[in-house]
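This report concerns only the one structure given below.
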Amino acid sequence: MEPQAHRQVIIGYLCSLITQWRRFWRSSCTLGFVGLLPAATAAEPAIRPGDHVAIMGNTFADQLRVNGYLETLLLQRSPEKRVSIRNLGWGGDMLSARDRPTNFPAEEAALIEHQTDLIIACFGMGESFAGPDGLPAFRTALETFAASHRGRKYNGKSEVRLVLVSPIAYEDLGALTPERERRNRELADYTAAMEQAASRQELGFVNLFAPTLQLMADSAAPKLTTNGIHLNAYGYWAVSRLLADAVARGLPPWALHVDARTRQAKGDGVAITQVESAAGGVGFNVKELRPPTLAPPVKRPIHATLRSWRDTLVVANLAPGEYRLTIDGETVIAAGHDHWAKGIAIDSSPEHRNAEALRQAVNDKNQQFIYGWKALNQVHIVGERKSSPSGRALPAEIIEFKRLADQKDQALRPGPSPLTHEWRLTPTFR
């Protein structure tokens with residue numbers, strides 16, 4: 001192709017992408033939009049109360065287990081009939097290339113043992129490296145994957161449901177991430193192929209590519225990845241929220257508004273009572289009505305578009321000066337009166353610490369599951385050394401790890417505490 005013609009093709013392609021992007025934002029209106037099909041049941045989330053969910057896929061899926069944000073969010077949103085999750089993700093997995101050790105138990109066995117109602121399948125990143133030439137094979141692999149689960153009743157009573165999750169975008173990390181524009185064009189194509197497959201087969205679909213591309217465009221915000229495609233802790237905090245909002249009913253953050261002069265207050269997600277003047281400031285009692293949001297794992301300011309996810313306290317009409325917030329006598333944060341009037345994110349109340357403890361408990365449960373399902377010494381369990389003395393002893397340990405995982409899963413209780421906490425905003429003196 002001549003250089004001039006080549007440039008025209010590229011310009012035309014970029015214009016097409018821009019047009020699609022504008023359409024996306026006009027239809028979504030907010031960053032929190034993530035495409036979830038089928039549209040015919042848009043009011044009904046993919047995850048239902050009490051669902052047993054299996055997460056499958058590549059490194060992205062595997063690391064959802066390690067970080068624990070997604071599962072904690074889903075538990076918070078189903079306190080009465082909680083969901084139960086098993087993560088079967090495996091680093092490097094692709095739809096048509098999922099290698100396992102010799103005699104590793106079939107994937108079907110894990111799905112049946114968990115009595116799986118819903119599969120969340122995260123693919124497309126590894127496949128996208130094949131570029132445009134790999135799209136036909138990817139489309140075929142999507143059809144084959146869906147067909148392999150169609151009609152299957154892993155829970156023993158109803159057909160398993162499927163949600164396809166697209167890859168994230170490719171982040172600009174300078175020299176570490178060459179040819180970013182080309183890679184994002186390819187990822188956009190593979191995301192479109194997944195959406196089309198989901199639409200044809202009436203499967204759920206979550207587009208993570210579009211919102212992460214927009215987040216990555218904010219050069220002043222923290223980076224989401226370590227190498228352009230693998231999320232860091234902050235990236236998993238953000239993307240887990242996008243994914244949770246797509247597959248489960250939303251859970252708005254706390255919003256507390258207190259007027260220090262009139263002693264009027266209102267709360268969303270909490271009940272505020274007994275507002276009174278206190279040592280030159282204001283004091284009130286707070287009872288949590290729904291779980292708090294998980295704190296972002298960074299100290300620096302987060303993306304401006306994600307700040308609305310955080311629990312916030314607004315205190316109006318304080319006298320000029322700096323004020324310290326204490327909860328049950330423990331200092332949480334200090335800021336000037338003007339900052340309190342605009343709203344301060346609250347991430348370290350007793351209930352926030354409980355939410356973080358829940359996330360750690362989720363990670364512990366998942367670790368016990370992995371010890372039993374994907375043990376490091378597979379050669380002694382299912383391989384050629386299973387007849388050795390150590391191999392003969394290991395199956396009992398595997399059974400125990402699975403029992404521990406089930407026990408810890410049953411113990412995960414995300415419901416809000418009935419306790420009322422004393423919040424006090426008092427002047428700081430230097």
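Chain lettering (A, B, ...) mirrors the order of the structure tokens, residue numbering begins at 1 for each chain separately, and ligand numbering begins at 1 in order of display.
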
Show which residues sit within 12 Å of Asp406 in chain A, as a PDB file with C-alpha atoms, in the first residue's frame. Count only C-alpha atoms, and ignore same-chain residues fewer than 2 positions away.
```
ATOM      1  CA  SER A  84     -20.613 -17.893  47.286  1.00  0.00           C
ATOM      2  CA  ILE A  85     -17.644 -17.549  44.939  1.00  0.00           C
ATOM      3  CA  ARG A  86     -14.918 -19.885  43.713  1.00  0.00           C
ATOM      4  CA  GLU A 113     -18.748 -29.374  43.414  1.00  0.00           C
ATOM      5  CA  HIS A 114     -19.508 -25.677  43.812  1.00  0.00           C
ATOM      6  CA  VAL A 362     -12.188 -13.410  51.746  1.00  0.00           C
ATOM      7  CA  ASP A 364      -7.934 -16.275  53.507  1.00  0.00           C
ATOM      8  CA  LYS A 365     -10.864 -18.372  52.289  1.00  0.00           C
ATOM      9  CA  ASN A 366      -9.583 -18.168  48.742  1.00  0.00           C
ATOM     10  CA  GLN A 367      -6.110 -19.221  49.828  1.00  0.00           C
ATOM     11  CA  GLN A 368      -7.496 -22.353  51.480  1.00  0.00           C
ATOM     12  CA  PHE A 369      -9.449 -23.108  48.305  1.00  0.00           C
ATOM     13  CA  ILE A 370      -6.341 -22.758  46.157  1.00  0.00           C
ATOM     14  CA  GLY A 372      -7.003 -27.701  47.821  1.00  0.00           C
ATOM     15  CA  ILE A 399      -9.813 -32.719  51.591  1.00  0.00           C
ATOM     16  CA  GLU A 400      -9.015 -30.750  54.738  1.00  0.00           C
ATOM     17  CA  PHE A 401      -8.139 -27.616  52.764  1.00  0.00           C
ATOM     18  CA  LYS A 402     -11.439 -27.855  50.894  1.00  0.00           C
ATOM     19  CA  ARG A 403     -13.279 -28.295  54.179  1.00  0.00           C
ATOM     20  CA  LEU A 404     -11.537 -25.205  55.562  1.00  0.00           C
ATOM     21  CA  LYS A 408     -14.512 -20.004  56.006  1.00  0.00           C
ATOM     22  CA  ASP A 409     -16.931 -19.298  53.140  1.00  0.00           C
ATOM     23  CA  GLN A 410     -19.901 -19.942  55.420  1.00  0.00           C
ATOM     24  CA  ALA A 411     -18.405 -17.594  58.021  1.00  0.00           C
ATOM     25  CA  LEU A 412     -18.261 -14.601  55.660  1.00  0.00           C
TER      26      LEU A 412
END
```

Non-local contacts of range 151-155 of chain A (7 Å; only C-alpha atoms; under 6 positions in same chain excluded) as number ranges by chain: A: 111-112, 115-117

Pick from A:Leu135, A:Glu171, A:Val160, A:Thr312, whichever lies nearest to Asn232 in chain A using only C-alpha atoms: A:Glu171

Sel. of strand (DSSP E or B) residues, range 260-343 of chain A, as an MDAnalysis selection string: chainID A and resid 265:268 270:278 281:288 312:316 322:327 330:336

Same residues, N, CA and C atoms, output as an mmCIF file, in the first residue's frame:
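Output below, filename result_19.cif:
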```
data_model
loop_
_atom_site.group_PDB
_atom_site.id
_atom_site.type_symbol
_atom_site.label_atom_id
_atom_site.label_comp_id
_atom_site.auth_asym_id
_atom_site.auth_seq_id
_atom_site.Cartn_x
_atom_site.Cartn_y
_atom_site.Cartn_z
ATOM 1 N N ALA A 265 -29.271 17.479 60.357
ATOM 2 C CA ALA A 265 -28.421 16.475 59.718
ATOM 3 C C ALA A 265 -29.273 15.518 58.898
ATOM 4 N N LYS A 266 -28.659 14.960 57.883
ATOM 5 C CA LYS A 266 -29.295 13.897 57.098
ATOM 6 C C LYS A 266 -28.211 12.931 56.641
ATOM 7 N N GLY A 267 -28.593 11.694 56.515
ATOM 8 C CA GLY A 267 -27.631 10.680 56.108
ATOM 9 C C GLY A 267 -28.216 9.732 55.089
ATOM 10 N N ASP A 268 -27.391 9.302 54.154
ATOM 11 C CA ASP A 268 -27.748 8.280 53.184
ATOM 12 C C ASP A 268 -26.825 7.094 53.445
ATOM 13 N N VAL A 270 -26.624 5.808 56.403
ATOM 14 C CA VAL A 270 -26.442 5.852 57.857
ATOM 15 C C VAL A 270 -27.588 6.639 58.468
ATOM 16 N N ALA A 271 -27.788 6.440 59.766
ATOM 17 C CA ALA A 271 -28.743 7.250 60.525
ATOM 18 C C ALA A 271 -27.946 8.160 61.447
ATOM 19 N N ILE A 272 -28.237 9.458 61.394
ATOM 20 C CA ILE A 272 -27.532 10.450 62.219
ATOM 21 C C ILE A 272 -28.491 10.968 63.281
ATOM 22 N N THR A 273 -28.088 10.878 64.536
ATOM 23 C CA THR A 273 -28.941 11.308 65.640
ATOM 24 C C THR A 273 -28.113 12.109 66.652
ATOM 25 N N GLN A 274 -28.837 12.787 67.549
ATOM 26 C CA GLN A 274 -28.253 13.505 68.694
ATOM 27 C C GLN A 274 -27.158 14.478 68.270
ATOM 28 N N VAL A 275 -27.495 15.353 67.313
ATOM 29 C CA VAL A 275 -26.538 16.369 66.885
ATOM 30 C C VAL A 275 -26.495 17.475 67.934
ATOM 31 N N GLU A 276 -25.283 17.827 68.384
ATOM 32 C CA GLU A 276 -25.147 18.832 69.432
ATOM 33 C C GLU A 276 -23.803 19.527 69.310
ATOM 34 N N SER A 277 -23.736 20.725 69.890
ATOM 35 C CA SER A 277 -22.457 21.425 69.947
ATOM 36 C C SER A 277 -21.519 20.654 70.851
ATOM 37 N N ALA A 278 -20.231 20.627 70.484
ATOM 38 C CA ALA A 278 -19.271 19.847 71.261
ATOM 39 C C ALA A 278 -17.900 20.493 71.186
ATOM 40 N N GLY A 281 -17.083 22.594 68.400
ATOM 41 C CA GLY A 281 -17.381 21.978 67.120
ATOM 42 C C GLY A 281 -18.777 21.389 67.137
ATOM 43 N N VAL A 282 -18.888 20.169 66.672
ATOM 44 C CA VAL A 282 -20.186 19.519 66.625
ATOM 45 C C VAL A 282 -19.994 18.013 66.835
ATOM 46 N N GLY A 283 -20.945 17.410 67.528
ATOM 47 C CA GLY A 283 -20.913 15.972 67.749
ATOM 48 C C GLY A 283 -22.245 15.350 67.355
ATOM 49 N N PHE A 284 -22.206 14.078 66.976
ATOM 50 C CA PHE A 284 -23.434 13.381 66.589
ATOM 51 C C PHE A 284 -23.169 11.887 66.636
ATOM 52 N N ASN A 285 -24.241 11.130 66.663
ATOM 53 C CA ASN A 285 -24.144 9.678 66.660
ATOM 54 C C ASN A 285 -24.501 9.141 65.279
ATOM 55 N N VAL A 286 -23.798 8.087 64.865
ATOM 56 C CA VAL A 286 -23.981 7.505 63.542
ATOM 57 C C VAL A 286 -24.194 6.003 63.675
ATOM 58 N N LYS A 287 -25.275 5.534 63.068
ATOM 59 C CA LYS A 287 -25.531 4.092 62.988
ATOM 60 C C LYS A 287 -25.546 3.688 61.517
ATOM 61 N N GLU A 288 -24.746 2.698 61.181
ATOM 62 C CA GLU A 288 -24.617 2.273 59.788
ATOM 63 C C GLU A 288 -25.830 1.446 59.364
ATOM 64 N N THR A 312 -18.598 9.995 52.308
ATOM 65 C CA THR A 312 -18.234 11.403 52.467
ATOM 66 C C THR A 312 -19.011 12.054 53.603
ATOM 67 N N LEU A 313 -18.308 12.880 54.364
ATOM 68 C CA LEU A 313 -18.918 13.690 55.420
ATOM 69 C C LEU A 313 -18.791 15.164 55.053
ATOM 70 N N VAL A 314 -19.934 15.864 55.021
ATOM 71 C CA VAL A 314 -19.974 17.305 54.787
ATOM 72 C C VAL A 314 -20.472 17.972 56.071
ATOM 73 N N VAL A 315 -19.707 18.942 56.554
ATOM 74 C CA VAL A 315 -20.125 19.705 57.741
ATOM 75 C C VAL A 315 -20.104 21.184 57.372
ATOM 76 N N ALA A 316 -21.273 21.782 57.366
ATOM 77 C CA ALA A 316 -21.404 23.187 56.989
ATOM 78 C C ALA A 316 -21.393 24.083 58.221
ATOM 79 N N GLU A 322 -9.221 24.743 61.877
ATOM 80 C CA GLU A 322 -9.028 23.339 61.536
ATOM 81 C C GLU A 322 -9.741 22.466 62.560
ATOM 82 N N TYR A 323 -10.332 21.393 62.070
ATOM 83 C CA TYR A 323 -11.125 20.508 62.939
ATOM 84 C C TYR A 323 -10.687 19.058 62.755
ATOM 85 N N ARG A 324 -10.683 18.353 63.884
ATOM 86 C CA ARG A 324 -10.306 16.946 63.896
ATOM 87 C C ARG A 324 -11.562 16.096 64.087
ATOM 88 N N LEU A 325 -11.714 15.076 63.235
ATOM 89 C CA LEU A 325 -12.815 14.123 63.398
ATOM 90 C C LEU A 325 -12.322 12.946 64.225
ATOM 91 N N THR A 326 -13.068 12.656 65.290
ATOM 92 C CA THR A 326 -12.815 11.445 66.063
ATOM 93 C C THR A 326 -14.073 10.581 66.039
ATOM 94 N N ILE A 327 -13.870 9.278 66.012
ATOM 95 C CA ILE A 327 -14.973 8.326 66.089
ATOM 96 C C ILE A 327 -14.703 7.418 67.271
ATOM 97 N N GLU A 330 -11.318 8.022 68.765
ATOM 98 C CA GLU A 330 -10.120 7.766 67.963
ATOM 99 C C GLU A 330 -10.055 8.733 66.794
ATOM 100 N N THR A 331 -8.908 9.406 66.647
ATOM 101 C CA THR A 331 -8.749 10.376 65.566
ATOM 102 C C THR A 331 -8.779 9.689 64.208
ATOM 103 N N VAL A 332 -9.572 10.273 63.299
ATOM 104 C CA VAL A 332 -9.698 9.725 61.956
ATOM 105 C C VAL A 332 -9.013 10.619 60.934
ATOM 106 N N ILE A 333 -9.327 11.916 60.937
ATOM 107 C CA ILE A 333 -8.760 12.836 59.956
ATOM 108 C C ILE A 333 -8.969 14.262 60.440
ATOM 109 N N ALA A 334 -8.093 15.169 60.011
ATOM 110 C CA ALA A 334 -8.220 16.586 60.340
ATOM 111 C C ALA A 334 -8.167 17.405 59.060
ATOM 112 N N ALA A 335 -8.954 18.501 59.039
ATOM 113 C CA ALA A 335 -8.980 19.368 57.862
ATOM 114 C C ALA A 335 -9.579 20.709 58.250
ATOM 115 N N GLY A 336 -9.372 21.699 57.388
ATOM 116 C CA GLY A 336 -9.907 23.026 57.640
ATOM 117 C C GLY A 336 -11.404 23.089 57.431
#
```

All residues 8 Å or closer to Ile119 in chain A, only C-alpha atoms, same chain fewer than 4 positions away omitted, as a list in words: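 Those residues are Val53, Ala54, Ile55, Met56, Val160, Arg161, Leu162 and Val163 of chain A.
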
Nearby residues (only C-alpha atoms) at most 12 Å from Leu173 in chain A, same-chain spacing under 4 positions excluded, as an NGL selection string: :A and (177-180 or 216-217 or 219 or 222-230)

Length of the CA of Gly68 in chain A to CA of Arg359 in chain A vector [Å]: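 Straight-line distance from CA of Gly68 in chain A to CA of Arg359 in chain A works out to 5.7 Å.
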